[in-house]
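*Asks:* See final.txt below, with compact mmCIF, C-alpha atoms and all ligand atoms.
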# COMPACT_ATOMS: atom_id res chain seq x y z
CA MET A 27 -119.41 -8.35 101.16
CA ARG A 28 -120.65 -7.92 104.73
CA ILE A 29 -119.10 -9.82 107.64
CA THR A 30 -121.35 -11.25 110.39
CA GLN A 31 -121.12 -13.85 113.15
CA HIS A 32 -119.73 -17.12 111.87
CA LEU A 33 -122.12 -19.93 111.00
CA LEU A 34 -120.18 -22.52 109.07
CA ILE A 35 -116.75 -22.83 110.64
CA PRO A 36 -115.84 -26.54 110.69
CA SER A 37 -114.22 -28.54 113.44
CA ALA A 38 -110.47 -29.09 113.25
CA ASP A 39 -110.72 -32.61 111.87
CA MET A 40 -112.78 -31.34 108.93
CA THR A 41 -110.19 -28.85 107.83
CA GLN A 42 -107.83 -31.27 106.18
CA MET A 43 -107.48 -31.05 102.42
CA ASN A 44 -108.70 -34.14 100.62
CA GLY A 45 -106.16 -34.68 97.85
CA ASN A 46 -107.06 -32.52 94.88
CA GLN A 47 -110.58 -31.89 96.18
CA PRO A 48 -111.52 -28.41 97.39
CA ASP A 49 -112.19 -28.15 101.10
CA LYS A 50 -115.89 -28.98 101.49
CA CYS A 51 -116.61 -26.47 104.25
CA ALA A 52 -114.77 -23.67 102.49
CA LEU A 53 -116.66 -24.46 99.29
CA LYS A 54 -119.94 -24.44 101.21
CA ILE A 55 -119.11 -21.01 102.59
CA LEU A 56 -118.32 -19.69 99.10
CA LEU A 57 -121.40 -21.18 97.44
CA GLY A 58 -123.73 -20.23 100.30
CA HIS A 59 -122.59 -16.63 100.12
CA TYR A 60 -124.05 -16.21 96.63
CA TRP A 61 -126.61 -18.99 96.16
CA SER A 62 -129.64 -20.26 98.05
CA PRO A 63 -132.37 -22.79 97.14
CA GLN A 64 -134.27 -19.79 95.74
CA GLY A 65 -131.40 -18.74 93.48
CA TRP A 66 -129.03 -15.77 93.77
CA VAL A 67 -128.77 -14.28 97.24
CA PRO A 68 -129.69 -10.58 96.90
CA ASP A 69 -126.78 -8.14 97.24
CA ASN A 70 -128.14 -6.67 100.47
CA LYS A 71 -128.39 -10.12 102.09
CA ARG A 72 -124.91 -11.38 101.26
CA THR A 73 -123.18 -11.75 104.58
CA VAL A 74 -120.34 -13.95 105.75
CA ALA A 75 -118.89 -14.43 109.20
CA LEU A 76 -115.35 -13.15 109.59
CA GLU A 77 -114.13 -16.56 110.75
CA ASP A 78 -115.86 -18.29 107.86
CA PHE A 79 -114.35 -15.83 105.42
CA GLU A 80 -110.88 -16.26 106.89
CA TYR A 81 -111.30 -20.02 106.75
CA ALA A 82 -112.41 -20.01 103.10
CA LYS A 83 -109.56 -17.64 102.35
CA SER A 84 -107.04 -19.94 104.01
CA LYS A 85 -108.27 -22.75 101.76
CA GLY A 86 -107.83 -20.63 98.65
CA LEU A 87 -111.52 -20.32 97.83
CA MET A 88 -112.29 -16.73 98.91
CA PHE A 89 -110.19 -13.63 98.53
CA ASP A 90 -109.77 -10.10 99.77
CA PRO A 91 -110.90 -7.41 97.33
CA LEU A 92 -108.20 -6.99 94.71
CA GLU A 93 -106.88 -3.66 93.50
CA ILE A 94 -105.32 -4.28 90.12
CA SER A 95 -104.55 -2.26 87.00
CA HIS A 96 -104.97 -3.19 83.34
CA SER A 97 -101.24 -3.91 83.04
CA GLY A 98 -101.38 -6.01 86.21
CA VAL A 99 -104.18 -8.19 84.81
CA MET A 100 -102.40 -8.55 81.48
CA SER A 101 -99.10 -9.50 83.10
CA LYS A 102 -100.67 -12.21 85.27
CA LEU A 103 -102.91 -13.47 82.47
CA LEU A 104 -100.08 -13.78 79.95
CA SER A 105 -97.92 -15.58 82.48
CA ALA A 106 -100.74 -18.03 83.30
CA LEU A 107 -101.45 -18.62 79.60
CA ARG A 108 -97.80 -19.48 78.95
CA LYS A 109 -97.76 -21.99 81.81
CA ALA A 110 -101.17 -23.55 81.15
CA GLY A 111 -100.97 -24.39 77.44
CA PRO A 112 -103.47 -26.30 75.31
CA ARG A 113 -102.52 -29.81 76.44
CA LEU A 114 -102.86 -29.14 80.15
CA THR A 115 -106.21 -27.37 79.83
CA ALA A 116 -107.58 -29.97 77.40
CA ASP A 117 -106.56 -32.78 79.76
CA ALA A 118 -108.28 -30.96 82.63
CA PHE A 119 -111.44 -30.61 80.55
CA ILE A 120 -111.50 -34.35 79.84
CA ALA A 121 -110.63 -35.17 83.47
CA SER A 122 -113.66 -33.13 84.54
CA LEU A 123 -116.12 -35.33 82.66
CA SER A 124 -116.36 -38.19 85.14
CA THR A 125 -115.45 -36.12 88.20
CA ARG A 126 -117.84 -33.24 87.32
CA ARG A 127 -115.20 -30.78 88.48
CA LEU A 128 -116.50 -27.68 86.72
CA ASP A 129 -113.57 -25.60 87.99
CA TRP A 130 -111.24 -27.87 85.99
CA ARG A 131 -113.55 -27.67 82.98
CA SER A 132 -113.44 -23.88 83.04
CA ALA A 133 -109.72 -23.57 82.27
CA LEU A 134 -110.03 -24.69 78.64
CA GLY A 135 -112.54 -21.92 77.90
CA SER A 136 -110.35 -19.26 79.50
CA TYR A 137 -107.33 -20.51 77.60
CA ALA A 138 -109.18 -20.72 74.27
CA VAL A 139 -110.58 -17.17 74.50
CA PHE A 140 -107.30 -15.46 75.38
CA ARG A 141 -104.66 -17.72 73.85
CA ASN A 142 -103.86 -15.14 71.17
CA VAL A 143 -104.00 -12.01 73.32
CA ARG A 144 -100.85 -9.90 73.33
CA ASP A 145 -99.57 -7.41 75.86
CA HIS A 146 -100.96 -3.96 75.10
CA GLU A 147 -101.75 -0.57 76.51
CA PRO A 148 -105.41 0.01 77.40
CA MET A 149 -107.31 1.51 74.47
CA SER A 150 -110.86 2.74 74.85
CA GLU A 151 -113.17 5.07 72.96
CA ASP A 152 -115.80 5.32 75.69
CA GLY A 153 -113.40 5.09 78.62
CA ARG A 154 -115.38 2.23 80.16
CA SER A 155 -113.61 -0.86 78.87
CA CYS A 156 -110.51 -1.69 76.86
CA ASP A 157 -111.32 -2.13 73.17
CA VAL A 158 -108.63 -4.81 72.83
CA CYS A 159 -109.28 -7.16 75.75
CA GLY A 160 -112.64 -5.96 77.14
CA LEU A 161 -111.38 -5.29 80.68
CA TYR A 162 -113.48 -2.74 82.57
CA LEU A 163 -111.21 0.23 83.22
CA LYS A 164 -113.27 2.21 85.71
CA ARG A 165 -113.36 -0.40 88.48
CA SER A 166 -110.40 -0.02 90.80
CA VAL A 167 -111.26 -2.82 93.26
CA GLU A 168 -112.38 -6.22 92.03
CA ASP A 169 -114.43 -8.88 93.86
CA LEU A 170 -112.86 -12.19 92.92
CA ASN A 171 -115.21 -14.23 95.13
CA VAL A 172 -118.19 -14.02 92.77
CA LEU A 173 -115.94 -15.11 89.90
CA ASN A 174 -114.75 -18.13 91.87
CA PHE A 175 -118.33 -18.91 92.87
CA GLU A 176 -119.35 -18.98 89.19
CA ARG A 177 -116.29 -21.09 88.41
CA PHE A 178 -117.33 -23.82 90.85
CA LYS A 179 -121.07 -23.50 90.28
CA TRP A 180 -121.20 -23.38 86.47
CA GLY A 181 -117.66 -23.81 85.21
CA GLY A 182 -117.36 -20.07 84.75
CA VAL A 183 -119.68 -17.55 83.12
CA ARG A 184 -117.51 -14.58 82.23
CA HIS A 185 -115.01 -16.30 79.98
CA THR A 186 -114.56 -13.17 77.87
CA SER A 187 -113.38 -11.22 80.91
CA PRO A 188 -109.57 -11.06 81.22
CA LEU A 189 -109.98 -10.76 84.98
CA TYR A 190 -111.92 -14.03 85.11
CA ALA A 191 -109.41 -15.76 82.82
CA MET A 192 -106.54 -14.54 84.99
CA LEU A 193 -108.15 -15.86 88.18
CA ASP A 194 -109.34 -19.08 86.55
CA LEU A 195 -105.98 -20.00 85.07
CA GLU A 196 -103.99 -19.03 88.16
CA LEU A 197 -106.22 -21.17 90.39
CA PHE A 198 -106.10 -23.96 87.82
CA LEU A 199 -102.28 -23.92 87.83
CA ASP A 200 -102.27 -23.98 91.63
CA SER A 201 -104.50 -27.04 91.74
CA SER A 202 -103.47 -30.60 91.19
CA VAL A 203 -105.44 -31.93 88.23
CA PRO A 204 -105.04 -35.66 87.50
CA LYS A 205 -104.63 -37.11 84.04
CA PRO A 206 -107.87 -38.21 82.35
CA SER A 207 -108.96 -41.66 83.46
CA PRO A 208 -110.22 -44.38 81.08
CA SER A 209 -113.80 -43.51 82.06
CA ASP A 210 -113.13 -39.83 81.16
CA ILE A 211 -111.83 -40.93 77.75
CA GLN A 212 -114.89 -43.14 77.20
CA ILE A 213 -117.27 -40.30 78.12
CA PHE A 214 -115.40 -37.99 75.75
CA ARG A 215 -115.65 -40.53 72.91
CA ASP A 216 -119.38 -40.90 73.56
CA LEU A 217 -119.76 -37.11 73.45
CA VAL A 218 -117.88 -36.90 70.14
CA ARG A 219 -120.04 -39.69 68.72
CA LEU A 220 -123.19 -37.90 69.88
CA PHE A 221 -121.96 -34.60 68.45
CA MET A 222 -121.22 -36.22 65.09
CA SER A 223 -124.71 -37.75 65.00
CA TYR A 224 -126.16 -34.23 65.46
CA VAL A 225 -123.94 -32.90 62.66
CA LEU A 226 -125.02 -35.72 60.33
CA SER A 227 -128.69 -35.20 61.20
CA PHE A 228 -128.39 -31.51 60.24
CA ILE A 229 -126.73 -32.48 56.95
CA TYR A 230 -129.54 -34.96 56.19
CA VAL A 231 -132.20 -32.36 57.01
CA GLY A 232 -130.38 -29.91 54.72
CA ILE A 233 -130.32 -32.42 51.85
CA TYR A 234 -134.02 -33.31 52.24
CA TRP A 235 -134.97 -29.65 52.55
CA ASN A 236 -133.09 -28.85 49.36
CA LYS A 237 -134.80 -31.75 47.52
CA LEU A 238 -138.18 -30.66 48.85
CA GLN A 239 -137.73 -27.21 47.36
CA TYR A 240 -137.19 -28.69 43.90
CA ALA A 241 -140.03 -31.18 44.34
CA SER A 242 -142.54 -28.52 45.42
CA TYR A 243 -141.90 -25.91 42.76
CA PRO A 244 -141.51 -26.29 38.99
CA PRO A 245 -138.14 -25.49 37.52
CA VAL A 246 -137.73 -21.93 36.29
CA SER A 247 -137.53 -23.09 32.66
CA ALA A 248 -141.06 -24.54 32.90
CA LEU A 249 -142.74 -21.32 34.06
CA PRO A 250 -143.36 -19.78 30.55
CA MET A 251 -145.10 -23.01 29.43
CA LEU A 252 -147.26 -23.08 32.54
CA ASN A 253 -148.19 -19.43 32.07
CA ALA A 254 -149.21 -20.13 28.49
CA ARG A 255 -151.24 -23.18 29.56
CA PHE A 256 -153.24 -21.24 32.15
CA ALA A 257 -153.65 -18.26 29.84
CA THR A 258 -155.43 -20.41 27.24
CA ALA A 259 -157.51 -22.39 29.72
ZN ZN A 301 -106.84 -4.30 77.22
What does the file become when written as structure tokens?
*Replies:*
Amino acid sequence: MRITQHLLIPSADMTQMNGNQPDKCALKILLGHYWSPQGWVPDNKRTVALEDFEYAKSKGLMFDPLEISHSGVMSKLLSALRKAGPRLTADAFIASLSTRRLDWRSALGSYAVFRNVRDHEPMSEDGRSCDVCGLYLKRSVEDLNVLNFERFKWGGVRHTSPLYAMLDLELFLDSSVPKPSPSDIQIFRDLVRLFMSYVLSFIYVGIYWNKLQYASYPPVSALPMLNARFATA
């Protein structure tokens, strides 16, 4: 991450937190660092003004590079998993449906992937990543900003990474996520209904496909008679 002259620093009256919403200017700094109307900003063009970076950092959206070991990630991840739990993350997922808060939606995936992980020593045959949890072992300094960018932009991408899950769940626990509203519940019910209609349509297609196979081909027991019929024709 390169630091340049600041471009996005907001005025003082724009710096107030809006309830459980992320600071808009800080979020703009984070998103603009990685994404442009043309897509990903190339590595060599990713620059951020020092003041902008400090501002986004003060709002909890950007971070200094993190030096962390395998045991450090595991310790933080296990602690976050214990605090988060299935109910809290599921509620956050449902609460994200009407609000479109993809950062809230992300927590359920991180929890689901690592809910059964246990503390362990790093084990690796190739020395690159841990065979148990998948954490890359050769990187000593981690860039958490790109992970947080993906969290806000797409609801997370690297859900199988313990580092992402650690960051995601820690930020989730630090945020104030409201209970699902009636409109969230209604959207969720509509989604379940839609999902069930897809499941039923696949079952119907399977039944018709199975029937079609029997309708198109003679039963195996009839093959000798057919052979005899064509042999004498
Ligand atoms: Zn591991």
*Asks:* Which residues come within 12 Å of region 143-151 of chain A, counting only C-alpha atoms, excluding same-chain residues fewer than 3 positions away, as a PyMOL selection string?
*Replies:* chain A and resi 95-105+107-108+136-140+154-164+186+188+191
*Asks:* One number please: CA of Tyr60 (chain A) to CA of Phe178 (chain A), in Å, one decimal.
*Replies:*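 Computing it gives 11.7 Å between the two atoms.
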*Asks:* Using Å and a single decimal, report how far CA of Gly181 (chain A) sits from CA of Ser132 (chain A).
*Replies:*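 CA of Gly181 (chain A) lies 4.7 Å from CA of Ser132 (chain A).
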*Asks:* So, counting all atoms listed in the file, which residue among A:Asp69, A:Asp78, A:Glu93, A:Asp117 is closest to Asp210 (chain A)?
*Replies:*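 Smallest separation from Asp210 (chain A) among the options: A:Asp117.
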*Asks:* Which residue gives the smallest distance to ligand ZN 301 (chain A) among A:Ala133, A:Val203, A:Leu189, A:Val218, with only C-alpha atoms and all ligand atoms counted?
*Replies:*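 The shortest atom-to-atom distance to ligand ZN 301 (chain A) comes from A:Leu189.
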*Asks:* A:Asn70, A:Gly153, A:Glu168, A:Leu238: which is nearest ligand ZN 301 (chain A), counting all atoms listed in the file?
*Replies:*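 That would be A:Gly153, the residue with the smallest distance to ligand ZN 301 (chain A).
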